[in-house]
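> See data_25.csv below, with CSV, C-alpha atoms.
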```csv
chain,number,residue,atom,x,y,z
R,1,MET,CA,0.0,0.0,0.0
R,2,ASN,CA,1.6,3.3,-1.2
R,3,GLU,CA,0.2,5.7,1.4
R,4,LYS,CA,1.4,8.9,-0.3
R,5,PHE,CA,-0.3,7.9,-3.5
R,6,LEU,CA,-3.5,6.9,-1.6
R,7,LEU,CA,-3.4,10.2,0.3
R,8,THR,CA,-3.1,12.1,-2.9
R,9,GLN,CA,-6.1,10.2,-4.3
R,10,ILE,CA,-8.1,10.8,-1.2
R,11,SER,CA,-7.3,14.5,-1.3
R,12,ILE,CA,-9.0,14.7,-4.7
R,13,GLY,CA,-12.0,12.7,-3.5
R,14,ASP,CA,-11.2,9.1,-4.5
R,15,ASP,CA,-13.6,6.9,-2.5
R,16,ALA,CA,-11.7,3.7,-3.4
R,17,ALA,CA,-8.5,5.1,-2.0
R,18,PHE,CA,-10.3,6.1,1.2
R,19,SER,CA,-11.8,2.6,1.5
R,20,GLU,CA,-8.3,1.1,1.2
R,21,ILE,CA,-7.0,3.3,4.0
R,22,TYR,CA,-10.1,2.5,6.1
R,23,THR,CA,-9.8,-1.2,5.6
R,24,ALA,CA,-6.1,-1.1,6.5
R,25,TYR,CA,-6.3,1.1,9.7
R,26,GLN,CA,-9.8,0.6,11.1
R,27,PRO,CA,-9.1,-2.6,13.0
R,28,LEU,CA,-5.9,-1.2,14.5
R,29,LEU,CA,-7.6,2.0,15.6
R,30,TYR,CA,-10.5,0.1,17.1
R,31,ARG,CA,-8.2,-2.2,19.2
R,32,PHE,CA,-6.2,0.9,20.3
R,33,VAL,CA,-9.3,2.9,21.4
R,34,ASN,CA,-11.0,-0.1,22.9
R,35,ARG,CA,-8.1,-0.6,25.3
R,36,PHE,CA,-9.0,2.7,26.9
R,37,LEU,CA,-12.8,2.7,26.6
R,38,LYS,CA,-13.6,-1.0,26.9
R,39,SER,CA,-16.9,-0.4,25.0
R,40,SER,CA,-17.2,-1.8,21.5
R,41,ALA,CA,-20.0,0.5,20.6
R,42,ILE,CA,-18.2,3.7,21.7
R,43,SER,CA,-14.9,2.5,20.3
R,44,GLU,CA,-16.6,1.9,16.9
R,45,GLU,CA,-18.1,5.4,17.1
R,46,ILE,CA,-14.7,6.9,17.8
R,47,CYS,CA,-13.2,5.1,14.8
R,48,GLN,CA,-16.0,6.4,12.6
R,49,ASP,CA,-15.4,9.9,13.9
R,50,VAL,CA,-11.7,9.6,13.1
R,51,PHE,CA,-12.4,8.5,9.5
R,52,ILE,CA,-15.0,11.2,9.1
R,53,LYS,CA,-12.4,13.8,10.1
R,54,LEU,CA,-9.9,12.3,7.8
R,55,TRP,CA,-12.4,12.6,4.9
R,56,GLU,CA,-13.4,16.2,5.9
R,57,LYS,CA,-9.7,17.3,6.0
R,58,ARG,CA,-8.8,15.4,2.8
R,59,GLN,CA,-7.4,18.5,1.1
R,60,SER,CA,-4.7,18.8,3.8
R,61,LEU,CA,-3.7,15.2,3.7
R,62,LEU,CA,-0.7,15.8,1.4
R,63,TYR,CA,1.1,17.5,4.3
R,64,ILE,CA,0.9,14.4,6.5
R,65,GLU,CA,4.3,12.7,7.1
R,66,SER,CA,3.0,9.6,8.9
R,67,LEU,CA,-0.6,8.6,8.3
R,68,LYS,CA,-0.4,6.0,11.1
R,69,SER,CA,0.7,8.5,13.6
R,70,TYR,CA,-1.9,11.0,12.4
R,71,LEU,CA,-4.7,8.5,12.7
R,72,PHE,CA,-3.6,7.3,16.2
R,73,THR,CA,-3.3,10.8,17.4
R,74,LEU,CA,-6.8,11.6,16.2
R,75,ALA,CA,-8.1,8.5,17.8
R,76,LYS,CA,-6.4,9.2,21.1
R,77,ASN,CA,-7.6,12.8,21.2
R,78,GLN,CA,-11.2,11.7,20.3
R,79,ALA,CA,-11.1,9.0,23.1
R,80,PHE,CA,-9.7,11.4,25.7
R,81,ASN,CA,-12.2,14.1,24.7
R,82,LEU,CA,-15.0,11.6,25.1
R,83,LEU,CA,-13.7,10.6,28.6
R,84,LYS,CA,-13.5,14.2,29.6
R,85,ARG,CA,-17.1,14.7,28.4
R,86,SER,CA,-18.2,11.6,30.1
R,87,SER,CA,-17.6,13.2,33.5
R,88,LEU,CA,-20.4,15.6,32.6
R,89,ASP,CA,-22.6,13.4,30.5
R,90,ASN,CA,-24.2,10.6,32.6
R,91,ASN,CA,-25.3,8.7,29.5
R,92,ILE,CA,-21.7,8.4,28.2
R,93,LYS,CA,-20.5,7.5,31.7
R,94,ALA,CA,-23.1,4.8,32.1
R,95,GLU,CA,-22.2,3.3,28.7
R,96,ILE,CA,-18.5,3.2,29.5
R,97,LEU,CA,-19.1,1.7,33.0
R,98,TYR,CA,-21.7,-0.8,31.7
R,99,SER,CA,-19.3,-2.0,29.0
R,100,TYR,CA,-16.2,-2.0,31.1
R,101,ILE,CA,-14.7,-5.5,31.5
R,102,PRO,CA,-11.6,-5.7,33.5
R,103,ASN,CA,-8.6,-6.3,31.3
R,104,GLU,CA,-8.7,-10.0,30.5
R,105,ASN,CA,-5.2,-10.2,29.2
R,106,THR,CA,-6.1,-12.0,26.1
R,107,ILE,CA,-3.4,-13.9,24.3
R,108,GLU,CA,-3.2,-11.2,21.7
R,109,ASP,CA,-2.8,-8.5,24.4
R,110,LYS,CA,-0.1,-10.5,26.1
R,111,LEU,CA,1.8,-11.1,22.8
R,112,HIS,CA,1.7,-7.3,22.0
R,113,ALA,CA,2.9,-6.4,25.5
R,114,ASP,CA,5.7,-9.0,25.3
R,115,GLU,CA,6.8,-7.8,21.9
R,116,TYR,CA,6.8,-4.2,23.0
R,117,MET,CA,8.7,-5.1,26.2
R,118,GLN,CA,11.3,-6.8,24.1
R,119,TYR,CA,11.5,-3.8,21.9
R,120,ILE,CA,11.9,-1.5,25.0
R,121,GLU,CA,14.6,-3.8,26.3
R,122,ARG,CA,16.5,-3.6,23.0
R,123,VAL,CA,16.4,0.2,23.0
R,124,LEU,CA,17.4,0.4,26.7
R,125,ASN,CA,20.4,-1.9,26.0
R,126,THR,CA,21.8,1.0,24.0
R,127,LEU,CA,21.9,3.1,27.1
R,128,PRO,CA,24.5,3.1,29.9
R,129,LEU,CA,24.0,0.5,32.6
R,130,GLN,CA,23.0,3.1,35.2
R,131,SER,CA,20.3,4.6,33.0
R,132,ARG,CA,18.9,1.1,32.4
R,133,GLU,CA,18.9,0.3,36.1
R,134,VAL,CA,17.1,3.6,36.9
R,135,PHE,CA,14.5,2.8,34.3
R,136,ARG,CA,14.0,-0.7,35.7
R,137,LEU,CA,13.6,0.5,39.2
R,138,CYS,CA,11.3,3.4,38.5
R,139,ARG,CA,9.2,2.1,35.6
R,140,GLN,CA,9.2,-1.7,35.9
R,141,LEU,CA,9.3,-1.9,39.7
R,142,GLY,CA,7.4,1.3,40.4
R,143,LYS,CA,9.9,2.8,42.8
R,144,THR,CA,9.9,6.5,43.5
R,145,TYR,CA,12.9,8.6,42.5
R,146,ASP,CA,13.9,8.8,46.1
R,147,GLU,CA,13.7,5.0,46.6
R,148,ALA,CA,15.7,4.4,43.4
R,149,ALA,CA,18.3,7.0,44.5
R,150,ASN,CA,18.6,5.2,47.8
R,151,ASP,CA,19.0,1.8,46.2
R,152,LEU,CA,21.6,3.0,43.8
R,153,GLY,CA,23.5,5.3,46.1
R,154,ILE,CA,23.0,8.3,43.8
R,155,SER,CA,21.1,11.6,44.2
R,156,ARG,CA,17.5,12.0,43.4
R,157,ASN,CA,18.6,14.5,40.7
R,158,GLY,CA,20.8,11.8,39.2
R,159,VAL,CA,17.9,9.4,39.0
R,160,LYS,CA,15.8,12.1,37.3
R,161,LYS,CA,18.5,12.8,34.7
R,162,HIS,CA,18.8,9.1,33.9
R,163,MET,CA,15.0,8.8,33.5
R,164,VAL,CA,14.9,11.9,31.3
R,165,ARG,CA,17.6,10.4,29.1
R,166,SER,CA,15.9,7.0,28.9
R,167,MET,CA,12.5,8.5,28.1
R,168,LYS,CA,14.0,10.7,25.4
R,169,VAL,CA,15.7,7.8,23.7
R,170,LEU,CA,12.6,5.6,24.0
R,171,LYS,CA,10.3,8.4,22.7
R,172,TYR,CA,12.5,9.0,19.6
R,173,ASN,CA,12.8,5.3,18.8
R,174,VAL,CA,9.1,4.5,19.2
R,175,GLN,CA,8.1,7.5,17.1
R,176,ARG,CA,10.6,6.5,14.4
R,177,ASP,CA,9.8,2.8,14.4
R,178,PHE,CA,6.1,2.7,15.1
R,179,GLY,CA,4.9,6.2,14.4
R,180,ILE,CA,2.9,6.3,17.6
R,181,PRO,CA,3.4,8.1,20.9
R,182,LEU,CA,5.6,6.5,23.5
R,183,SER,CA,2.7,6.7,26.0
R,184,VAL,CA,0.7,4.2,24.0
R,185,ILE,CA,3.5,1.6,24.2
R,186,LEU,CA,4.1,2.3,27.9
R,187,ALA,CA,0.3,1.9,28.6
R,188,ILE,CA,0.3,-1.5,26.9
R,189,VAL,CA,3.4,-2.8,28.6
R,190,PHE,CA,3.2,-1.2,32.1
R,191,GLY,CA,-0.5,-0.3,32.2
R,192,SER,CA,0.4,3.4,32.9
```
Show me this structure written as structure tokens.


Amino acid sequence: MNEKFLLTQISIGDDAAFSEIYTAYQPLLYRFVNRFLKSSAISEEICQDVFIKLWEKRQSLLYIESLKSYLFTLAKNQAFNLLKRSSLDNNIKAEILYSYIPNENTIEDKLHADEYMQYIERVLNTLPLQSREVFRLCRQLGKTYDEAANDLGISRNGVKKHMVRSMKVLKYNVQRDFGIPLSVILAIVFGS
């Protein structure tokens, strides 16, 4: 699938090119949104909204560098906006709560989390040992900066510097390799 060509075609109103993009990305967006909302009806509605926005903004599609990143960002924003509105709208809140099923850790979810964890480990292995250890203590074991500093015999500020370095490297690599925000991968792997 040549995305640039398809985006060009969509920008001039080609329904077939739009259908091809929809078919390729709708299932991915649905799974992504449903991880947050846990409601198939609302997740489906969010996906529809994302593709409606894509069609409505079709003239500006030629300026998009990464379609995947663009679609995931739209989906994330739509989902978070809905969650914000749900605090005010009792019907939305009721639908989300009614549909909520605690994370069942399906085999597919576990495989994705394991793949992403392996990826994170590969990226972290490019960092100095101290930075890897700080990341492990703070992110994987959930220790505070003060606890990690105490365990490693370094200052809290040193822990913070190592975490900033680790997160910068991870953010860059995830954006480059997957075209999605780091927060998505971390939510899948660490549930945070």

> For the atom pair CA of Ser40 (chain R) and CA of Asp14 (chain R), what is the interatomic distance in Å to one decimal place?

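Result for CA of Ser40 (chain R) versus CA of Asp14 (chain R): 28.8 Å, one decimal.
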
> Select, from R:Met117, R:Cys47, R:Ala17, R:Leu7, the residue with the minimum atom-to-atom distance to Leu170 (chain R), counting only C-alpha atoms.

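That would be R:Met117, the residue with the smallest distance to Leu170 (chain R).
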
> Separation of CA of Leu137 (chain R) and CA of Asp151 (chain R), in Å?

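Here the two named atoms are 8.9 Å from each other.
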
> Once you count only C-alpha atoms, what closest atom pair and distance in Å to one decimal does each residue of region 37-75 of chain R within 7 Å of region 23-30 of chain R have, with rows by chain and rising residue number, as CSV?


```
residue,atom,partner,partner_atom,distance
R:Ser43,CA,R:Tyr30,CA,5.9
R:Glu44,CA,R:Tyr30,CA,6.4
R:Cys47,CA,R:Tyr30,CA,6.1
R:Phe72,CA,R:Leu29,CA,6.7
R:Ala75,CA,R:Leu29,CA,6.9
```

> Could you jot down the CA of Met167 (chain R) to CA of Ser69 (chain R) separation for me, Å, one decimal place?

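CA of Ser69 (chain R) lies 18.7 Å from CA of Met167 (chain R).
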
> I'd like the neighbourhood of Gly153 (chain R) as a VMD selection string, where a residue qualifies if any of its atoms comes within 12 Å (using all atoms listed in the file), though same-chain residues fewer than 6 positions away should be ignored.

chain R and resid 130 134 145 to 147 159

> Given all atoms listed in the file as the basis, pick out the residue of R:Leu61, R:Ile188, R:Arg176, R:Cys138 nearest to Lys110 (chain R).

R:Ile188

> Rank nothing, just name the residue among R:Val33, R:Ile12, R:Ala79, R:Leu6 nearest to Leu67 (chain R), using only C-alpha atoms.

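Among the listed residues, R:Leu6 lies closest to Leu67 (chain R).
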
> Skipping near chain neighbours, those fewer than 4 positions away, what residues fall within 12 Å of Phe135 (chain R) using all atoms listed in the file, listed as a count of residues only?

32

> May I ask which of the residues R:Ile10, R:Ile52, R:Ile46, R:Leu74 is the closest one to Asn34 (chain R), counting all atoms listed in the file?

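Using all atoms listed in the file, Asn34 (chain R) sits closest to R:Ile46.
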
> What lies within 12 Å of Thr73 (chain R) using only C-alpha atoms, ignoring chain neighbours under 5 positions off, as a PDB file with C-alpha atoms, in the coordinates of the input?


```pdb
ATOM      1  CA  LEU R  29      -7.600   2.000  15.600  1.00  0.00           C
ATOM      2  CA  PHE R  32      -6.200   0.900  20.300  1.00  0.00           C
ATOM      3  CA  VAL R  33      -9.300   2.900  21.400  1.00  0.00           C
ATOM      4  CA  CYS R  47     -13.200   5.100  14.800  1.00  0.00           C
ATOM      5  CA  VAL R  50     -11.700   9.600  13.100  1.00  0.00           C
ATOM      6  CA  LEU R  54      -9.900  12.300   7.800  1.00  0.00           C
ATOM      7  CA  SER R  66       3.000   9.600   8.900  1.00  0.00           C
ATOM      8  CA  LEU R  67      -0.600   8.600   8.300  1.00  0.00           C
ATOM      9  CA  LYS R  68      -0.400   6.000  11.100  1.00  0.00           C
ATOM     10  CA  GLN R  78     -11.200  11.700  20.300  1.00  0.00           C
ATOM     11  CA  ALA R  79     -11.100   9.000  23.100  1.00  0.00           C
ATOM     12  CA  PHE R  80      -9.700  11.400  25.700  1.00  0.00           C
ATOM     13  CA  ASN R  81     -12.200  14.100  24.700  1.00  0.00           C
ATOM     14  CA  GLN R 175       8.100   7.500  17.100  1.00  0.00           C
ATOM     15  CA  GLY R 179       4.900   6.200  14.400  1.00  0.00           C
ATOM     16  CA  ILE R 180       2.900   6.300  17.600  1.00  0.00           C
ATOM     17  CA  PRO R 181       3.400   8.100  20.900  1.00  0.00           C
ATOM     18  CA  LEU R 182       5.600   6.500  23.500  1.00  0.00           C
ATOM     19  CA  SER R 183       2.700   6.700  26.000  1.00  0.00           C
ATOM     20  CA  VAL R 184       0.700   4.200  24.000  1.00  0.00           C
TER      21      VAL R 184
END
```

> Which of these residues is nearest to Val174 (chain R), using all atoms listed in the file: R:Tyr22, R:Tyr116, R:Asn157, R:Glu133?

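Among R:Tyr22, R:Tyr116, R:Asn157, R:Glu133, it is R:Tyr116 that comes nearest to Val174 (chain R).
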
> Could you add whatever atoms are missing so that region 55-66 of chain R carries all heavy atoms, then write the result as a CSV table (one decimal), in the coordinates of the input?


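The file below, result_31.csv, is the result:
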```
chain,number,residue,atom,x,y,z
R,55,TRP,N,-11.7,12.3,6.1
R,55,TRP,CA,-12.4,12.6,4.9
R,55,TRP,C,-12.6,14.2,4.8
R,55,TRP,O,-12.4,14.8,3.8
R,55,TRP,CB,-13.7,11.9,4.7
R,55,TRP,CG,-14.4,12.1,3.4
R,55,TRP,CD1,-15.4,12.9,3.2
R,55,TRP,CD2,-13.9,11.7,2.1
R,55,TRP,NE1,-15.7,13.0,1.9
R,55,TRP,CE2,-14.8,12.2,1.2
R,55,TRP,CE3,-12.9,10.9,1.7
R,55,TRP,CZ2,-14.7,11.9,-0.2
R,55,TRP,CZ3,-12.8,10.6,0.3
R,55,TRP,CH2,-13.7,11.1,-0.6
R,56,GLU,N,-13.1,14.7,5.9
R,56,GLU,CA,-13.4,16.2,5.9
R,56,GLU,C,-12.1,17.0,5.7
R,56,GLU,O,-12.2,18.1,5.1
R,56,GLU,CB,-14.0,16.6,7.2
R,56,GLU,CG,-15.5,16.1,7.4
R,56,GLU,CD,-16.1,16.3,8.7
R,56,GLU,OE1,-15.3,16.7,9.7
R,56,GLU,OE2,-17.3,16.1,8.9
R,57,LYS,N,-11.0,16.5,6.1
R,57,LYS,CA,-9.7,17.3,6.0
R,57,LYS,C,-8.9,16.7,4.9
R,57,LYS,O,-7.7,16.9,4.8
R,57,LYS,CB,-9.0,17.2,7.3
R,57,LYS,CG,-9.7,17.8,8.5
R,57,LYS,CD,-8.8,17.8,9.7
R,57,LYS,CE,-9.6,18.3,10.9
R,57,LYS,NZ,-9.4,19.8,11.0
R,58,ARG,N,-9.5,16.1,3.9
R,58,ARG,CA,-8.8,15.4,2.8
R,58,ARG,C,-7.9,16.3,2.0
R,58,ARG,O,-6.9,15.9,1.5
R,58,ARG,CB,-9.7,14.6,2.0
R,58,ARG,CG,-10.7,15.4,1.2
R,58,ARG,CD,-11.7,14.5,0.4
R,58,ARG,NE,-12.7,15.2,-0.3
R,58,ARG,CZ,-13.9,15.6,0.3
R,58,ARG,NH1,-14.1,15.3,1.6
R,58,ARG,NH2,-14.7,16.2,-0.4
R,59,GLN,N,-8.3,17.6,1.9
R,59,GLN,CA,-7.4,18.5,1.1
R,59,GLN,C,-6.1,18.8,1.8
R,59,GLN,O,-5.1,19.1,1.1
R,59,GLN,CB,-8.1,19.9,0.9
R,59,GLN,CG,-9.2,19.8,-0.1
R,59,GLN,CD,-10.5,19.3,0.4
R,59,GLN,OE1,-10.7,19.2,1.6
R,59,GLN,NE2,-11.4,18.9,-0.5
R,60,SER,N,-6.0,18.6,3.1
R,60,SER,CA,-4.7,18.8,3.8
R,60,SER,C,-3.9,17.5,4.0
R,60,SER,O,-2.8,17.6,4.6
R,60,SER,CB,-5.0,19.5,5.1
R,60,SER,OG,-5.7,18.7,5.9
R,61,LEU,N,-4.3,16.4,3.4
R,61,LEU,CA,-3.7,15.2,3.7
R,61,LEU,C,-2.3,15.1,3.0
R,61,LEU,O,-1.4,14.3,3.5
R,61,LEU,CB,-4.5,14.0,3.2
R,61,LEU,CG,-5.8,13.7,3.9
R,61,LEU,CD1,-6.6,12.6,3.3
R,61,LEU,CD2,-5.6,13.5,5.4
R,62,LEU,N,-2.0,15.9,2.0
R,62,LEU,CA,-0.7,15.8,1.4
R,62,LEU,C,0.4,16.3,2.3
R,62,LEU,O,1.6,16.0,2.0
R,62,LEU,CB,-0.8,16.7,0.1
R,62,LEU,CG,-1.8,16.3,-1.0
R,62,LEU,CD1,-1.8,17.3,-2.1
R,62,LEU,CD2,-1.4,14.9,-1.5
R,63,TYR,N,0.1,17.0,3.4
R,63,TYR,CA,1.1,17.5,4.3
R,63,TYR,C,1.4,16.5,5.4
R,63,TYR,O,2.2,16.8,6.3
R,63,TYR,CB,0.7,18.8,4.8
R,63,TYR,CG,0.4,19.8,3.7
R,63,TYR,CD1,-0.9,20.2,3.4
R,63,TYR,CD2,1.4,20.3,2.9
R,63,TYR,CE1,-1.2,21.0,2.4
R,63,TYR,CE2,1.1,21.2,1.9
R,63,TYR,CZ,-0.2,21.5,1.6
R,63,TYR,OH,-0.5,22.4,0.6
R,64,ILE,N,0.7,15.4,5.5
R,64,ILE,CA,0.9,14.4,6.5
R,64,ILE,C,2.1,13.6,6.3
R,64,ILE,O,2.3,13.0,5.2
R,64,ILE,CB,-0.3,13.5,6.7
R,64,ILE,CG1,-1.5,14.3,7.1
R,64,ILE,CG2,-0.1,12.4,7.7
R,64,ILE,CD1,-2.8,13.6,7.2
R,65,GLU,N,3.0,13.5,7.2
R,65,GLU,CA,4.3,12.7,7.1
R,65,GLU,C,4.0,11.2,7.4
R,65,GLU,O,4.5,10.4,6.7
R,65,GLU,CB,5.4,13.2,8.0
R,65,GLU,CG,5.9,14.6,7.7
R,65,GLU,CD,6.6,14.6,6.3
R,65,GLU,OE1,7.3,13.7,6.0
R,65,GLU,OE2,6.4,15.6,5.6
R,66,SER,N,3.3,11.0,8.5
R,66,SER,CA,3.0,9.6,8.9
R,66,SER,C,1.5,9.4,9.1
R,66,SER,O,0.9,9.9,10.1
R,66,SER,CB,3.7,9.2,10.1
R,66,SER,OG,3.2,8.0,10.7
```
